[in-house]
Amino acid sequence: MKIFVAGGTGVLGRRVVPLLISQGHDVIGLSRSIDNDDLLATLGAEARRGDLFDREGLYSISADCDTFIHLATSIPTKSRTSIDDWVLNDRIKIEGTANLLSAAKRNSAQLYIQSSVTFLYGRRHGEWVDETCPPADNLPAVVESSVETERLVLNAITREKLPGLILRFSNVYSHDSKHTTTMYDMISRGKFPLIERGTGYWNLVTADDAAEAVIAAVKRGKQNIGKVYNICDDAPVKYKDLVEFLAAALGAPKPGSIPIFLAKHAIGDITVQYLLQSMKCMNKRAKEDLGWRLRYPTYREGHEAIMERWRRQHIPTGTSGVSTFAL
């Protein structure tokens, strides 16, 4: 296949691109800078200059591609964010997706893969959820763009017969993600308190396993058109248990706790809403349909491996705040 990847230089994309190439595919990476040109070349891909917000230009630079993968995001890395900080990410998800879908359709794509997030299930009070569960009502504004993204993609699949599918990623973590390394730094300094009792369930997946899910979707996507998949590990974990596990592994003090109103004052309502998510996502469908296999089935194996890599190249970030998530 000749595969066009948007977001090929991100935490997830820079793992997906070389995996695709190792499978014998030709990869075209969307690039907006010289630095991205160089990184894509290092990964083994051909960089083509363009912009997700330029529909005609996007169509032109992807005209010889038969598969399209949308992994692009712009997740704010600071701890306290406002709606304004999420505008670009929302635009990438909605306008960027609409434009890439248009290019895929005009180029008669054989397969289109869209990234999404499990956050759209909302707060489910620790209930198990699978892909049949609808998005929650009253979602945070910054998650609503993911719901609209999925609507655009599913409409293109059902009404315009575009062969596509959606991967809903949970919290993706890695040694080279600023969100993850900031969290490690803060826990190491005893500055990552629990919000109240920390009993909400988080769903996690390493960037390496998430990348393998994309590769599995490329391999078996054509047999599973129109489906949605949760991409998460086997062990949803309580926020409290995760932070205490990391503190122990990092040799840090056991975390304290603060009430919700103080957390909102310190880090803002948007970040608090992420930290208070609580659902347990099932990954059975991705394993059965796509043949996806996890290298790190739980947060324990995943974080132990990642902390080892992080320690070898650790440079303190000097930031303060609370990490959310990154693709």
# chains A, B, ... in the order shown; residues from 1 in each chain; ligands from 1

call {"tool": "residues_around", "arguments": {"residues": "A:Gln273", "least_positions_apart": "4", "cutoff": "12 Å", "atoms": "only C-alpha atoms", "output": "ChimeraX atom specification"}}
result
/A:80-81,119,122-123,138-143,195,200,260-261,263-264,267-269,277-278,322,324

call {"tool": "residues_around", "arguments": {"residues": "A:Arg311", "least_positions_apart": "2", "cutoff": "12 Å", "atoms": "only C-alpha atoms", "output": "PDB file with N, CA, C and O atoms, in the first residue's frame"}}
result
ATOM      1  N   HIS A 175       7.833   7.187  27.136  1.00  0.00           N
ATOM      2  CA  HIS A 175       8.977   7.879  27.731  1.00  0.00           C
ATOM      3  C   HIS A 175       9.286   9.195  27.025  1.00  0.00           C
ATOM      4  O   HIS A 175       9.982  10.049  27.568  1.00  0.00           O
ATOM      5  N   ASP A 176       8.771   9.365  25.798  1.00  0.00           N
ATOM      6  CA  ASP A 176       9.051  10.575  25.036  1.00  0.00           C
ATOM      7  C   ASP A 176       7.812  11.458  24.863  1.00  0.00           C
ATOM      8  O   ASP A 176       7.761  12.299  23.979  1.00  0.00           O
ATOM      9  N   THR A 181       6.222  12.391  30.982  1.00  0.00           N
ATOM     10  CA  THR A 181       7.424  12.767  31.727  1.00  0.00           C
ATOM     11  C   THR A 181       7.143  13.858  32.757  1.00  0.00           C
ATOM     12  O   THR A 181       7.744  13.869  33.838  1.00  0.00           O
ATOM     13  N   TYR A 184       5.718  12.022  35.717  1.00  0.00           N
ATOM     14  CA  TYR A 184       6.796  11.382  36.483  1.00  0.00           C
ATOM     15  C   TYR A 184       7.557  12.402  37.329  1.00  0.00           C
ATOM     16  O   TYR A 184       7.865  12.154  38.501  1.00  0.00           O
ATOM     17  N   ASP A 185       7.897  13.525  36.727  1.00  0.00           N
ATOM     18  CA  ASP A 185       8.632  14.567  37.457  1.00  0.00           C
ATOM     19  C   ASP A 185       7.855  15.028  38.686  1.00  0.00           C
ATOM     20  O   ASP A 185       8.403  15.171  39.779  1.00  0.00           O
ATOM     21  N   SER A 188       7.640  12.400  41.371  1.00  0.00           N
ATOM     22  CA  SER A 188       8.948  12.286  42.010  1.00  0.00           C
ATOM     23  C   SER A 188       9.154  13.358  43.066  1.00  0.00           C
ATOM     24  O   SER A 188       9.821  13.135  44.083  1.00  0.00           O
ATOM     25  N   ALA A 249       7.436   3.219  42.669  1.00  0.00           N
ATOM     26  CA  ALA A 249       8.453   2.856  41.679  1.00  0.00           C
ATOM     27  C   ALA A 249       9.512   3.943  41.525  1.00  0.00           C
ATOM     28  O   ALA A 249      10.669   3.651  41.219  1.00  0.00           O
ATOM     29  N   LEU A 250       9.109   5.188  41.736  1.00  0.00           N
ATOM     30  CA  LEU A 250      10.024   6.325  41.602  1.00  0.00           C
ATOM     31  C   LEU A 250      10.714   6.677  42.913  1.00  0.00           C
ATOM     32  O   LEU A 250      11.507   7.617  42.966  1.00  0.00           O
ATOM     33  N   HIS A 303       4.460   0.860  32.546  1.00  0.00           N
ATOM     34  CA  HIS A 303       5.179   1.943  33.201  1.00  0.00           C
ATOM     35  C   HIS A 303       6.571   1.515  33.662  1.00  0.00           C
ATOM     36  O   HIS A 303       7.505   2.326  33.658  1.00  0.00           O
ATOM     37  N   GLU A 304       6.740   0.266  34.055  1.00  0.00           N
ATOM     38  CA  GLU A 304       8.079  -0.184  34.443  1.00  0.00           C
ATOM     39  C   GLU A 304       9.047  -0.076  33.266  1.00  0.00           C
ATOM     40  O   GLU A 304      10.176   0.409  33.411  1.00  0.00           O
ATOM     41  N   ALA A 305       8.592  -0.497  32.081  1.00  0.00           N
ATOM     42  CA  ALA A 305       9.444  -0.404  30.895  1.00  0.00           C
ATOM     43  C   ALA A 305       9.715   1.039  30.519  1.00  0.00           C
ATOM     44  O   ALA A 305      10.845   1.419  30.170  1.00  0.00           O
ATOM     45  N   ILE A 306       8.693   1.873  30.603  1.00  0.00           N
ATOM     46  CA  ILE A 306       8.839   3.255  30.190  1.00  0.00           C
ATOM     47  C   ILE A 306       9.679   4.061  31.179  1.00  0.00           C
ATOM     48  O   ILE A 306      10.506   4.899  30.791  1.00  0.00           O
ATOM     49  N   MET A 307       9.506   3.791  32.464  1.00  0.00           N
ATOM     50  CA  MET A 307      10.326   4.494  33.448  1.00  0.00           C
ATOM     51  C   MET A 307      11.809   4.169  33.284  1.00  0.00           C
ATOM     52  O   MET A 307      12.664   5.029  33.469  1.00  0.00           O
ATOM     53  N   GLU A 308      12.109   2.930  32.904  1.00  0.00           N
ATOM     54  CA  GLU A 308      13.499   2.562  32.671  1.00  0.00           C
ATOM     55  C   GLU A 308      14.086   3.379  31.522  1.00  0.00           C
ATOM     56  O   GLU A 308      15.205   3.894  31.614  1.00  0.00           O
ATOM     57  N   ARG A 309      13.329   3.515  30.450  1.00  0.00           N
ATOM     58  CA  ARG A 309      13.803   4.318  29.309  1.00  0.00           C
ATOM     59  C   ARG A 309      13.869   5.800  29.676  1.00  0.00           C
ATOM     60  O   ARG A 309      14.786   6.509  29.278  1.00  0.00           O
ATOM     61  N   GLN A 313      17.394   8.770  29.980  1.00  0.00           N
ATOM     62  CA  GLN A 313      17.551  10.033  29.254  1.00  0.00           C
ATOM     63  C   GLN A 313      16.872  11.190  29.962  1.00  0.00           C
ATOM     64  O   GLN A 313      16.577  12.217  29.364  1.00  0.00           O
ATOM     65  N   HIS A 314      16.640  11.026  31.261  1.00  0.00           N
ATOM     66  CA  HIS A 314      15.823  11.986  31.997  1.00  0.00           C
ATOM     67  C   HIS A 314      16.473  13.348  32.100  1.00  0.00           C
ATOM     68  O   HIS A 314      17.595  13.479  32.536  1.00  0.00           O
ATOM     69  N   ILE A 315      15.689  14.364  31.690  1.00  0.00           N
ATOM     70  CA  ILE A 315      16.045  15.762  31.898  1.00  0.00           C
ATOM     71  C   ILE A 315      14.843  16.409  32.543  1.00  0.00           C
ATOM     72  O   ILE A 315      13.752  16.410  31.958  1.00  0.00           O
ATOM     73  N   PRO A 316      14.950  16.934  33.774  1.00  0.00           N
ATOM     74  CA  PRO A 316      13.782  17.525  34.434  1.00  0.00           C
ATOM     75  C   PRO A 316      13.111  18.566  33.556  1.00  0.00           C
ATOM     76  O   PRO A 316      13.775  19.386  32.911  1.00  0.00           O
TER      77      PRO A 316
END

call {"tool": "closest_residue", "arguments": {"among": "A:Glu144, A:Glu160, A:Asp38, A:Glu212", "to": "A:Arg15", "atoms": "only C-alpha atoms"}}
result
A:Glu212

call {"tool": "closest_atom_pairs", "arguments": {"of": "stretch 110-190 of chain A", "to": "stretch 219-224 of chain A", "cutoff": "10 Å", "atoms": "only C-alpha atoms", "output": "Markdown table"}}
result
| residue | atom | partner | partner_atom | distance |
| --- | --- | --- | --- | --- |
| A:Gln110 | CA | A:Lys222 | CA | 7.7 |
| A:Leu111 | CA | A:Lys222 | CA | 6.7 |
| A:Tyr112 | CA | A:Gly221 | CA | 8.5 |
| A:Ile113 | CA | A:Gly221 | CA | 8.2 |
| A:Pro163 | CA | A:Lys222 | CA | 7.0 |
| A:Gly164 | CA | A:Gly221 | CA | 7.4 |
| A:Leu165 | CA | A:Gly221 | CA | 7.1 |
| A:Ile166 | CA | A:Gly221 | CA | 9.8 |

call {"tool": "write_last_selection", "arguments": {"atoms": "N, CA and C atoms", "output": "mmCIF file, in the first residue's frame"}}
result
data_model
loop_
_atom_site.group_PDB
_atom_site.id
_atom_site.type_symbol
_atom_site.label_atom_id
_atom_site.label_comp_id
_atom_site.auth_asym_id
_atom_site.auth_seq_id
_atom_site.Cartn_x
_atom_site.Cartn_y
_atom_site.Cartn_z
ATOM 1 N N GLN A 110 -8.696 2.913 -0.541
ATOM 2 C CA GLN A 110 -9.056 1.547 -0.203
ATOM 3 C C GLN A 110 -9.313 1.391 1.298
ATOM 4 N N LEU A 111 -8.739 2.321 2.101
ATOM 5 C CA LEU A 111 -8.906 2.240 3.540
ATOM 6 C C LEU A 111 -8.624 3.597 4.175
ATOM 7 N N TYR A 112 -9.446 3.960 5.154
ATOM 8 C CA TYR A 112 -9.268 5.195 5.914
ATOM 9 C C TYR A 112 -9.347 4.842 7.402
ATOM 10 N N ILE A 113 -8.335 5.253 8.188
ATOM 11 C CA ILE A 113 -8.286 4.971 9.617
ATOM 12 C C ILE A 113 -8.247 6.287 10.383
ATOM 13 N N PRO A 163 -14.401 3.164 2.692
ATOM 14 C CA PRO A 163 -13.988 2.040 3.537
ATOM 15 C C PRO A 163 -13.117 2.533 4.702
ATOM 16 N N GLY A 164 -13.725 2.698 5.845
ATOM 17 C CA GLY A 164 -12.989 3.258 6.974
ATOM 18 C C GLY A 164 -13.350 2.622 8.297
ATOM 19 N N LEU A 165 -12.559 2.937 9.316
ATOM 20 C CA LEU A 165 -12.832 2.502 10.677
ATOM 21 C C LEU A 165 -12.216 3.492 11.651
ATOM 22 N N ILE A 166 -12.585 3.366 12.922
ATOM 23 C CA ILE A 166 -12.176 4.311 13.957
ATOM 24 C C ILE A 166 -11.488 3.572 15.095
#

call {"tool": "select_by_dssp", "arguments": {"residues": "stretch 144-289 of chain A", "states": "strand (DSSP E)", "output": "NGL selection string"}}
result
:A and (164-169 or 171-173 or 194-195 or 201-202 or 204-206 or 228-231 or 237-238 or 257-258 or 280-281)

call {"tool": "residues_around", "arguments": {"residues": "stretch 254-256 of chain A", "least_positions_apart": "3", "cutoff": "8 Å", "atoms": "only C-alpha atoms", "output": "PyMOL selection string"}}
result
chain A and resi 187+190-194+243-244+247-248

call {"tool": "atom_distance", "arguments": {"atom1": "atom CA of A:Asp64", "atom2": "atom CA of A:Leu40"}}
result
18.2 Å

call {"tool": "closest_residue", "arguments": {"among": "A:Lys78, A:His265, A:Arg48, A:Arg312", "to": "A:Asn36", "atoms": "only C-alpha atoms"}}
result
A:Arg48
